[in-house]
$ cat entry-v1.cif   # mmCIF, C-alpha atoms
data_entry
loop_
_atom_site.label_atom_id
_atom_site.label_comp_id
_atom_site.auth_asym_id
_atom_site.auth_seq_id
_atom_site.Cartn_x
_atom_site.Cartn_y
_atom_site.Cartn_z
CA MET W 1 0.00 0.00 0.00
CA LYS W 2 1.01 3.62 -0.40
CA ILE W 3 0.29 6.94 1.22
CA VAL W 4 -1.01 9.11 -1.62
CA ASN W 5 -1.30 12.42 0.22
CA ILE W 6 -1.32 14.05 3.65
CA VAL W 7 -3.31 17.23 4.23
CA GLU W 8 -3.36 19.56 7.24
CA LYS W 9 -5.76 22.39 8.00
CA THR W 10 -5.68 24.87 10.87
CA ILE W 11 -9.11 25.35 12.38
CA ASN W 12 -10.49 27.74 15.00
CA PHE W 13 -11.57 26.27 18.32
CA GLY W 14 -12.61 29.77 19.41
CA SER W 15 -14.85 29.88 22.47
CA SER W 16 -15.78 32.58 24.95
CA ILE W 17 -15.05 30.33 27.93
CA SER W 18 -12.11 30.77 30.29
CA ASN W 19 -10.49 28.66 32.97
CA ALA W 20 -8.32 29.92 35.81
CA TYR W 21 -5.38 30.44 33.47
CA ILE W 22 -6.38 31.19 29.87
CA SER W 23 -9.16 32.36 27.60
CA PHE W 24 -10.07 30.11 24.67
CA LYS W 25 -11.11 32.92 22.33
CA GLN W 26 -8.04 32.51 20.08
CA MET W 27 -7.59 28.74 20.46
CA THR W 28 -6.76 26.85 17.25
CA GLY W 29 -6.12 23.24 16.31
CA SER W 30 -4.76 21.12 13.47
CA ILE W 31 -6.76 18.48 11.63
CA VAL W 32 -4.96 15.95 9.45
CA ALA W 33 -5.99 13.47 6.75
CA ILE W 34 -3.81 10.63 5.42
CA VAL W 35 -5.02 9.42 2.03
CA THR W 36 -4.01 5.89 0.95
CA ASP W 37 -4.34 3.87 -2.24
CA VAL W 38 -6.16 1.08 -0.39
CA VAL W 39 -9.76 0.88 -1.60
CA ARG W 40 -12.75 -0.42 0.36
CA ASN W 41 -16.29 -0.33 -1.07
CA GLY W 42 -15.05 1.70 -4.02
CA LYS W 43 -13.48 4.44 -1.91
CA PRO W 44 -9.88 5.04 -0.78
CA ILE W 45 -9.18 4.55 2.91
CA ILE W 46 -8.51 7.89 4.60
CA GLY W 47 -7.30 8.28 8.18
CA TYR W 48 -8.18 11.37 10.18
CA GLY W 49 -6.56 12.95 13.21
CA PHE W 50 -6.22 16.14 15.23
CA ASN W 51 -4.02 17.39 18.04
CA SER W 52 -6.65 17.05 20.77
CA ILE W 53 -8.10 20.03 22.65
CA GLY W 54 -6.57 22.88 24.61
CA ARG W 55 -3.29 23.55 22.79
CA TYR W 56 -2.69 25.67 19.70
CA ALA W 57 -2.31 24.25 16.20
CA PRO W 58 1.26 23.03 15.48
CA THR W 59 0.81 24.13 11.87
CA SER W 60 4.38 24.90 10.87
CA ILE W 61 5.81 21.81 12.52
CA LEU W 62 3.36 19.63 10.63
CA ARG W 63 3.83 21.31 7.26
CA ASP W 64 7.57 21.92 7.39
CA ARG W 65 8.85 18.77 9.14
CA MET W 66 6.45 15.99 9.97
CA ILE W 67 4.33 15.68 6.83
CA PRO W 68 7.33 15.88 4.42
CA ARG W 69 9.16 13.20 6.41
CA LEU W 70 6.23 10.83 6.07
CA LEU W 71 5.53 11.59 2.41
CA ASN W 72 9.22 11.20 1.48
CA ALA W 73 9.78 8.01 3.45
CA LYS W 74 10.82 4.76 1.82
CA PRO W 75 8.20 1.99 2.04
CA GLU W 76 10.33 -0.08 4.42
CA GLU W 77 10.52 2.91 6.78
CA ILE W 78 6.76 3.05 7.42
CA LEU W 79 5.10 -0.23 6.32
CA ASN W 80 4.67 -3.57 8.06
CA GLU W 81 6.48 -6.73 6.95
CA ASP W 82 4.20 -7.63 4.04
CA SER W 83 3.70 -3.97 3.05
CA SER W 84 -0.07 -4.31 3.44
CA ASN W 85 -0.48 -1.67 6.13
CA ILE W 86 1.25 1.14 7.97
CA ASP W 87 3.36 0.27 11.01
CA PRO W 88 2.65 2.99 13.63
CA PHE W 89 5.84 2.21 15.52
CA LYS W 90 7.96 2.78 12.41
CA VAL W 91 6.11 6.03 11.73
CA TYR W 92 6.77 7.18 15.30
CA LYS W 93 10.49 6.44 14.89
CA LEU W 94 10.57 8.31 11.59
CA LEU W 95 8.75 11.40 12.84
CA THR W 96 10.86 11.70 15.98
CA SER W 97 14.18 11.22 14.17
CA ASN W 98 16.62 14.10 13.84
CA GLU W 99 14.90 15.86 16.75
CA LYS W 100 16.72 16.97 19.89
CA PRO W 101 15.61 15.48 23.20
CA GLY W 102 13.61 17.58 25.64
CA GLY W 103 11.30 20.46 24.93
CA HIS W 104 8.21 18.32 24.61
CA GLY W 105 5.71 20.95 23.51
CA ASP W 106 4.12 21.67 20.15
CA ARG W 107 6.28 19.02 18.45
CA ALA W 108 4.55 16.37 20.58
CA HIS W 109 1.14 17.63 19.42
CA ALA W 110 2.18 17.51 15.76
CA VAL W 111 3.36 13.92 16.00
CA GLY W 112 0.25 13.05 17.98
CA ALA W 113 -2.08 14.41 15.30
CA ILE W 114 -0.42 12.30 12.60
CA ASP W 115 -0.29 9.29 14.93
CA MET W 116 -4.06 9.51 15.35
CA ALA W 117 -4.61 9.51 11.60
CA VAL W 118 -2.18 6.58 11.22
CA TRP W 119 -4.08 4.43 13.72
CA ASP W 120 -7.33 5.36 11.96
CA VAL W 121 -5.82 4.07 8.70
CA VAL W 122 -4.38 0.92 10.28
CA SER W 123 -7.64 -0.14 11.92
CA LYS W 124 -9.69 0.67 8.81
CA ILE W 125 -7.41 -1.46 6.62
CA GLU W 126 -7.73 -4.28 9.17
CA GLY W 127 -11.51 -3.82 9.14
CA LEU W 128 -11.67 -3.37 12.92
CA PRO W 129 -12.68 -0.64 15.33
CA LEU W 130 -9.51 0.77 16.89
CA TRP W 131 -10.52 -0.42 20.37
CA LYS W 132 -10.80 -4.02 19.10
CA LEU W 133 -7.48 -3.84 17.24
CA LEU W 134 -5.74 -2.57 20.39
CA ALA W 135 -7.31 -5.29 22.51
CA ASP W 136 -6.31 -8.04 20.09
CA ARG W 137 -2.74 -6.83 19.50
CA TYR W 138 -1.72 -5.47 22.88
CA ASN W 139 -4.16 -6.62 25.59
CA ASP W 140 -4.62 -10.38 25.09
CA GLY W 141 -7.98 -9.79 23.45
CA LYS W 142 -9.45 -8.17 26.57
CA TYR W 143 -11.44 -4.93 26.38
CA ASP W 144 -14.18 -3.00 28.11
CA ASP W 145 -17.47 -2.95 26.23
CA LYS W 146 -18.35 0.34 27.90
CA VAL W 147 -16.18 3.11 29.31
CA TYR W 148 -16.64 5.31 32.37
CA THR W 149 -16.90 8.99 31.51
CA TYR W 150 -17.60 12.24 33.31
CA ALA W 151 -18.86 15.62 32.14
CA ALA W 152 -16.21 18.34 32.15
CA GLY W 153 -17.41 21.94 32.28
CA GLY W 154 -18.19 24.32 35.09
CA TYR W 155 -16.35 27.27 33.56
CA TYR W 156 -16.89 30.78 34.86
CA TYR W 157 -20.12 32.51 33.93
CA PRO W 158 -20.51 36.32 33.74
CA ASN W 159 -21.05 37.89 37.14
CA ASN W 160 -20.35 34.52 38.75
CA ASN W 161 -23.90 33.37 37.92
CA ILE W 162 -24.35 30.32 40.13
CA GLU W 163 -27.83 29.52 38.82
CA MET W 164 -26.39 29.11 35.32
CA LEU W 165 -23.71 26.83 36.75
CA LYS W 166 -26.35 24.71 38.49
CA ASP W 167 -28.43 24.48 35.32
CA GLU W 168 -25.37 23.33 33.41
CA MET W 169 -24.64 20.56 35.89
CA LYS W 170 -28.26 19.44 35.96
CA SER W 171 -28.19 19.15 32.17
CA TYR W 172 -25.27 16.72 32.44
CA LEU W 173 -27.18 14.51 34.84
CA ASP W 174 -30.17 14.61 32.50
CA ARG W 175 -27.91 13.33 29.70
CA GLY W 176 -26.77 10.27 31.61
CA PHE W 177 -23.62 11.45 33.39
CA THR W 178 -23.23 10.71 37.07
CA ASP W 179 -19.96 12.59 37.73
CA VAL W 180 -18.99 16.16 36.79
CA LYS W 181 -15.97 18.46 36.87
CA MET W 182 -15.87 22.21 37.46
CA LYS W 183 -13.22 24.93 37.37
CA ILE W 184 -11.69 26.64 40.38
CA GLY W 185 -8.97 29.25 40.82
CA GLY W 186 -10.57 31.92 38.64
CA ALA W 187 -12.35 33.50 41.60
CA PRO W 188 -11.48 34.02 45.27
CA LEU W 189 -11.59 30.92 47.45
CA LYS W 190 -14.81 32.01 49.18
CA GLU W 191 -16.61 32.34 45.85
CA ASP W 192 -15.21 29.08 44.54
CA LEU W 193 -16.49 27.25 47.61
CA LYS W 194 -19.95 28.70 47.03
CA ARG W 195 -19.80 27.45 43.45
CA LEU W 196 -18.63 24.03 44.62
CA GLU W 197 -21.42 23.76 47.18
CA ALA W 198 -23.95 24.74 44.54
CA VAL W 199 -22.71 21.98 42.23
CA ILE W 200 -22.74 19.43 45.06
CA SER W 201 -26.35 20.42 45.81
CA VAL W 202 -27.28 19.51 42.23
CA VAL W 203 -25.26 16.30 41.94
CA GLY W 204 -26.15 15.16 45.43
CA ASP W 205 -22.79 13.65 46.38
CA ALA W 206 -19.45 15.49 46.69
CA SER W 207 -17.56 12.33 45.72
CA ARG W 208 -19.05 12.73 42.23
CA VAL W 209 -17.67 16.26 41.79
CA ALA W 210 -14.07 16.95 40.68
CA VAL W 211 -12.43 20.38 40.68
CA ASP W 212 -9.74 21.66 38.29
CA ALA W 213 -7.38 24.57 39.04
CA ASN W 214 -5.51 24.30 35.70
CA GLY W 215 -2.13 24.72 37.41
CA ARG W 216 -3.00 28.20 38.61
CA PHE W 217 -1.87 28.16 42.24
CA ASN W 218 1.43 28.79 43.97
CA MET W 219 2.25 26.63 46.97
CA GLU W 220 0.43 28.78 49.52
CA GLN W 221 -2.74 28.99 47.42
CA ALA W 222 -2.69 25.29 46.61
CA LEU W 223 -2.45 24.40 50.29
CA GLU W 224 -5.14 26.91 51.23
CA TYR W 225 -7.51 25.30 48.74
CA ALA W 226 -6.43 21.82 49.81
CA LYS W 227 -7.35 22.60 53.41
CA ALA W 228 -10.72 24.02 52.38
CA LEU W 229 -11.50 21.16 50.02
CA SER W 230 -10.63 18.47 52.55
CA LYS W 231 -13.99 18.75 54.30
CA TYR W 232 -15.97 17.94 51.14
CA ASN W 233 -14.58 14.51 50.10
CA ILE W 234 -14.60 15.47 46.41
CA LYS W 235 -13.73 13.14 43.53
CA TRP W 236 -10.36 14.77 42.86
CA TYR W 237 -8.36 18.01 43.07
CA GLU W 238 -6.88 18.54 39.60
CA GLU W 239 -3.69 20.38 38.65
CA PRO W 240 -3.36 22.51 41.77
CA VAL W 241 0.07 23.80 40.67
CA ASP W 242 2.14 24.08 37.50
CA PRO W 243 2.34 20.60 35.93
CA LEU W 244 6.16 20.56 36.00
CA GLU W 245 6.49 21.63 39.66
CA PHE W 246 6.92 18.09 40.93
CA ARG W 247 8.19 19.12 44.36
CA LEU W 248 5.13 21.31 44.87
CA TYR W 249 2.91 18.35 44.03
CA ALA W 250 4.71 16.33 46.66
CA ILE W 251 4.04 19.07 49.21
CA VAL W 252 0.35 19.12 48.27
CA THR W 253 0.03 15.33 48.58
CA GLU W 254 1.74 15.48 51.94
CA ASN W 255 -0.98 17.86 53.12
CA TYR W 256 -4.03 16.61 51.25
CA SER W 257 -5.30 13.07 51.71
CA GLY W 258 -7.86 13.17 48.92
CA PRO W 259 -7.18 12.17 45.29
CA ILE W 260 -5.03 14.38 43.05
CA ALA W 261 -5.30 14.32 39.25
CA THR W 262 -2.70 15.61 36.78
CA GLY W 263 -0.76 14.80 33.62
CA GLU W 264 -2.74 16.41 30.80
CA ASN W 265 0.04 18.98 30.29
CA LEU W 266 2.91 16.50 30.30
CA PHE W 267 3.76 15.34 26.80
CA SER W 268 6.43 12.66 26.97
CA LEU W 269 7.52 9.45 28.65
CA GLN W 270 10.37 11.30 30.33
CA ASP W 271 8.14 13.93 31.91
CA MET W 272 5.66 11.31 33.07
CA ARG W 273 8.41 9.20 34.58
CA ASN W 274 9.68 12.21 36.54
CA LEU W 275 6.14 12.92 37.69
CA ILE W 276 5.85 9.42 39.09
CA ARG W 277 9.33 9.54 40.63
CA TYR W 278 9.19 12.94 42.30
CA ALA W 279 5.64 14.31 42.64
CA GLY W 280 4.56 12.16 45.55
CA LEU W 281 1.56 10.77 43.70
CA ARG W 282 -0.12 7.73 45.23
CA PRO W 283 -1.11 4.79 43.01
CA ASP W 284 -4.00 3.81 45.30
CA ARG W 285 -5.95 7.07 44.84
CA ASP W 286 -4.48 9.57 42.36
CA TYR W 287 -5.23 9.84 38.63
CA ILE W 288 -3.07 10.22 35.52
CA GLN W 289 -4.64 12.35 32.75
CA MET W 290 -2.05 12.23 29.96
CA ASP W 291 -3.74 12.97 26.60
CA CYS W 292 -2.45 10.67 23.84
CA PRO W 293 -2.59 13.02 20.77
CA LEU W 294 -1.00 15.85 22.75
CA SER W 295 1.87 13.54 23.66
CA TYR W 296 3.47 12.03 20.54
CA GLY W 297 0.51 9.69 20.12
CA LEU W 298 -0.44 6.16 21.06
CA VAL W 299 3.02 4.65 20.58
CA GLU W 300 4.38 6.97 23.28
CA TYR W 301 1.30 6.40 25.43
CA MET W 302 1.87 2.65 25.47
CA LYS W 303 5.42 3.29 26.66
CA VAL W 304 3.98 5.38 29.47
CA LEU W 305 1.55 2.61 30.44
CA LYS W 306 4.45 0.16 30.65
CA MET W 307 6.44 2.62 32.80
CA LEU W 308 3.44 3.09 35.10
CA ASP W 309 3.07 -0.66 35.48
CA ASN W 310 6.76 -0.96 36.37
CA HIS W 311 6.19 1.61 39.13
CA GLY W 312 3.18 -0.18 40.57
CA TRP W 313 0.45 1.81 38.84
CA SER W 314 -2.60 0.19 37.29
CA ALA W 315 -3.85 1.39 33.91
CA ARG W 316 -7.17 1.86 35.70
CA ARG W 317 -5.68 4.97 37.33
CA CYS W 318 -5.45 6.56 33.85
CA ILE W 319 -8.40 8.73 32.77
CA PRO W 320 -7.19 10.73 29.74
CA HIS W 321 -7.87 14.40 29.16
CA GLY W 322 -9.45 15.59 25.92
CA GLY W 323 -12.89 14.08 25.80
CA HIS W 324 -12.53 12.68 22.27
CA GLN W 325 -12.94 9.37 20.48
CA MET W 326 -9.24 8.53 20.16
CA CYS W 327 -8.75 8.29 23.92
CA LEU W 328 -12.14 6.60 24.24
CA ASN W 329 -10.91 3.78 21.98
CA ILE W 330 -7.71 3.51 24.01
CA ALA W 331 -9.66 3.42 27.27
CA ALA W 332 -11.77 0.51 25.98
CA GLY W 333 -9.06 -1.48 24.19
CA LEU W 334 -6.33 -1.11 26.81
CA GLN W 335 -8.75 -1.07 29.77
CA LEU W 336 -7.99 2.30 31.31
CA GLY W 337 -10.04 3.85 34.08
CA GLY W 338 -12.24 5.93 31.80
CA ASN W 339 -12.24 9.02 29.62
CA GLU W 340 -13.19 12.66 29.96
CA CYS W 341 -16.10 14.16 27.99
CA TYR W 342 -16.94 17.76 27.02
CA PRO W 343 -20.70 17.68 26.38
CA ASP W 344 -21.10 21.39 25.64
CA VAL W 345 -17.71 22.93 24.86
CA PHE W 346 -15.08 22.46 22.14
CA LYS W 347 -17.70 21.19 19.73
CA PRO W 348 -17.56 19.17 17.59
CA PHE W 349 -14.21 17.74 18.69
CA GLY W 350 -15.39 16.86 22.17
CA GLY W 351 -17.97 14.15 22.66
CA PHE W 352 -18.53 10.74 21.17
CA ALA W 353 -20.43 8.94 18.42
CA ASP W 354 -23.97 9.93 17.53
CA ASN W 355 -26.80 7.72 18.74
CA ILE W 356 -24.72 6.12 21.51
CA PRO W 357 -25.91 7.86 24.67
CA VAL W 358 -24.15 8.07 28.01
CA GLU W 359 -25.98 5.76 30.40
CA ASN W 360 -25.37 5.85 34.14
CA GLY W 361 -21.95 7.40 33.59
CA TYR W 362 -20.78 4.95 30.90
CA VAL W 363 -20.63 5.10 27.11
CA LYS W 364 -20.30 2.34 24.53
CA LEU W 365 -18.28 2.53 21.32
CA PRO W 366 -19.22 2.23 17.63
CA ASP W 367 -18.29 -1.05 15.95
CA SER W 368 -17.33 0.47 12.59
CA PRO W 369 -13.67 0.23 11.45
CA GLY W 370 -11.32 2.97 12.62
CA ILE W 371 -11.59 5.54 15.38
CA GLY W 372 -15.23 6.26 14.59
CA PHE W 373 -15.16 9.78 13.19
CA GLU W 374 -17.70 8.76 10.56
CA GLN W 375 -20.15 8.01 13.37
CA LYS W 376 -19.97 11.60 14.64
CA GLN W 377 -21.42 13.61 11.80
CA ASP W 378 -20.69 17.13 13.02
CA LEU W 379 -17.00 16.26 13.36
CA TYR W 380 -16.85 14.15 10.20
CA SER W 381 -18.31 17.01 8.17
CA ILE W 382 -15.24 19.06 9.14
CA MET W 383 -12.78 16.23 8.56
CA LYS W 384 -14.16 15.65 5.05
CA THR W 385 -13.24 19.19 4.02
CA LEU W 386 -9.58 18.14 4.06
CA VAL W 387 -9.84 15.97 0.92
#

$ encode --input "entry-v1.cif" --output "structure tokens"
Amino acid sequence: MKIVNIVEKTINFGSSISNAYISFKQMTGSIVAIVTDVVRNGKPIIGYGFNSIGRYAPTSILRDRMIPRLLNAKPEEILNEDSSNIDPFKVYKLLTSNEKPGGHGDRAHAVGAIDMAVWDVVSKIEGLPLWKLLADRYNDGKYDDKVYTYAAGGYYYPNNNIEMLKDEMKSYLDRGFTDVKMKIGGAPLKEDLKRLEAVISVVGDASRVAVDANGRFNMEQALEYAKALSKYNIKWYEEPVDPLEFRLYAIVTENYSGPIATGENLFSLQDMRNLIRYAGLRPDRDYIQMDCPLSYGLVEYMKVLKMLDNHGWSARRCIPHGGHQMCLNIAAGLQLGGNECYPDVFKPFGGFADNIPVENGYVKLPDSPGIGFEQKQDLYSIMKTLV
């Protein structure tokens, strides 16, 4: 088989929402299509990908380095042994060659976007949903037929409108979610606690409510919030400090007995290994949120899962950030702990396949070949504009 073309487009994720750290008004993203000469049902197989949610489009890196490397590669550099399909591990090696170590930022997102499209191609050529391909190849055939998910939202409304926040959370429960996540750190502690109590009053159980500070706090603020949050028994306290301040995380875990969640802003095996070594995280209660397409893709993610296992961590402690179908497939096929969902923001990239509702906090997966973009029409309509 051959790769005929690779196309990238920069799209606008623009949204009026803000978290404790940034506004999303100027947020962009990259979508990618890999066109092959393999034909099914009279049409060429095309793999689609994007660089997840929450980081800007790595446009120049894709166009100037990554896409030319893949298009100019020799067949033996990217194909499997019988040349019938792409080998994602060879593609990963190719894309990360001639790159200096360290500095795992936008480059990781660029590789991750292509990696997503590659796995979409691979599973479509094999005629399998990605989750089933992953289970068969890498998990002894075991998979989860439904995946835990929670509704991420709870951003700041104008004038700190708590009634709007409560209505939002109620809408998530009405759509089948049992657990929710809200933002903190964008208002004074006293106001954030009022918002938290309002959400708990809607959900009915604090252990079903997570809070996310988006790395906003310094040590004193993080500990002040940790002390205040301790009385609520919430689901988790997410990114209290900068994601690379491992010593500060250790100080927080020393002073906060409840679960901590982090990892969505760490983009490599090396950074994740240092997190596990030095941040004081506890494998019996804390959560790892690394987002595959932000982090060099699934090949790198599987290396991280192996590292976690070597350090006594179960894959069930992994609940990826991003709320998209790529990580949903990974969660099912490699039996992670679940996957985030954005029901109302970052449309149409957040959310899952049409006509498969969330039921009692779990969602099933489509059984069509690939990642399942074709089963999410609002997203597929954008992907199709690439080719």

$ atom_distance --input "entry-v1.cif" --atom1 "atom CA of W:Phe346" --atom2 "atom CA of W:Ala206"
25.9 Å

$ atom_distance --input "entry-v1.cif" --atom1 "atom CA of W:Ile371" --atom2 "atom CA of W:Ala113"
13.0 Å

$ closest_residue --input "entry-v1.cif" --among "W:Gly258, W:Gly280, W:Gly372, W:Pro44" --to "W:Ile356" --atoms "all atoms listed in the file"
W:Gly372

$ closest_residue --input "entry-v1.cif" --among "W:Lys2, W:Lys9, W:Lys43, W:Lys100" --to "W:Leu79" --atoms "only C-alpha atoms"
W:Lys2

$ atom_distance --input "entry-v1.cif" --atom1 "atom CA of W:Gln270" --atom2 "atom CA of W:Leu94"
19.0 Å

$ residues_around --input "entry-v1.cif" --residues "W:Val358" --least-positions-apart "2" --cutoff "7 Å" --atoms "only C-alpha atoms" --output "number ranges by chain"
W: 175-177, 356, 360-363

$ residues_around --input "entry-v1.cif" --residues "W:Val121" --least-positions-apart "3" --cutoff "12 Å" --atoms "all atoms listed in the file" --output "PyMOL selection string"
chain W and resi 1-3+32-40+44-49+79+84-88+114-118+124-130+133+369-373

$ residues_around --input "entry-v1.cif" --residues "stretch 220-227 of chain W" --least-positions-apart "3" --cutoff "8 Å" --atoms "all atoms listed in the file" --output "VMD selection string"
chain W and resid 189 217 230 to 231 237 240 to 241 252 255 to 256

$ closest_residue --input "entry-v1.cif" --among "W:Leu229, W:Met219, W:Leu95, W:Leu336" --to "W:Ile251" --atoms "all atoms listed in the file"
W:Met219

$ closest_residue --input "entry-v1.cif" --among "W:Arg316, W:Gly141, W:Tyr296, W:Asp174" --to "W:Phe89" --atoms "all atoms listed in the file"
W:Tyr296

$ residues_near_point --input "entry-v1.cif" --point "(-11.7, 26.8, 42.9)" --cutoff "9 Å" --atoms "only C-alpha atoms" --output "list in words"
Ala20, Met182, Lys183, Ile184, Gly185, Gly186, Ala187, Pro188, Leu189, Lys190, Glu191, Asp192, Leu193, Arg195, Leu196, Val211, Asp212, Ala213 and Tyr225 of chain W

$ residues_near_point --input "entry-v1.cif" --point "(-23.1, 11.3, 15.0)" --cutoff "9 Å" --atoms "only C-alpha atoms" --output "PyMOL selection string"
chain W and resi 352-356+373-380

$ closest_residue --input "entry-v1.cif" --among "W:Ser52, W:Thr10, W:Gln26, W:Ser295" --to "W:Gly350" --atoms "all atoms listed in the file"
W:Ser52
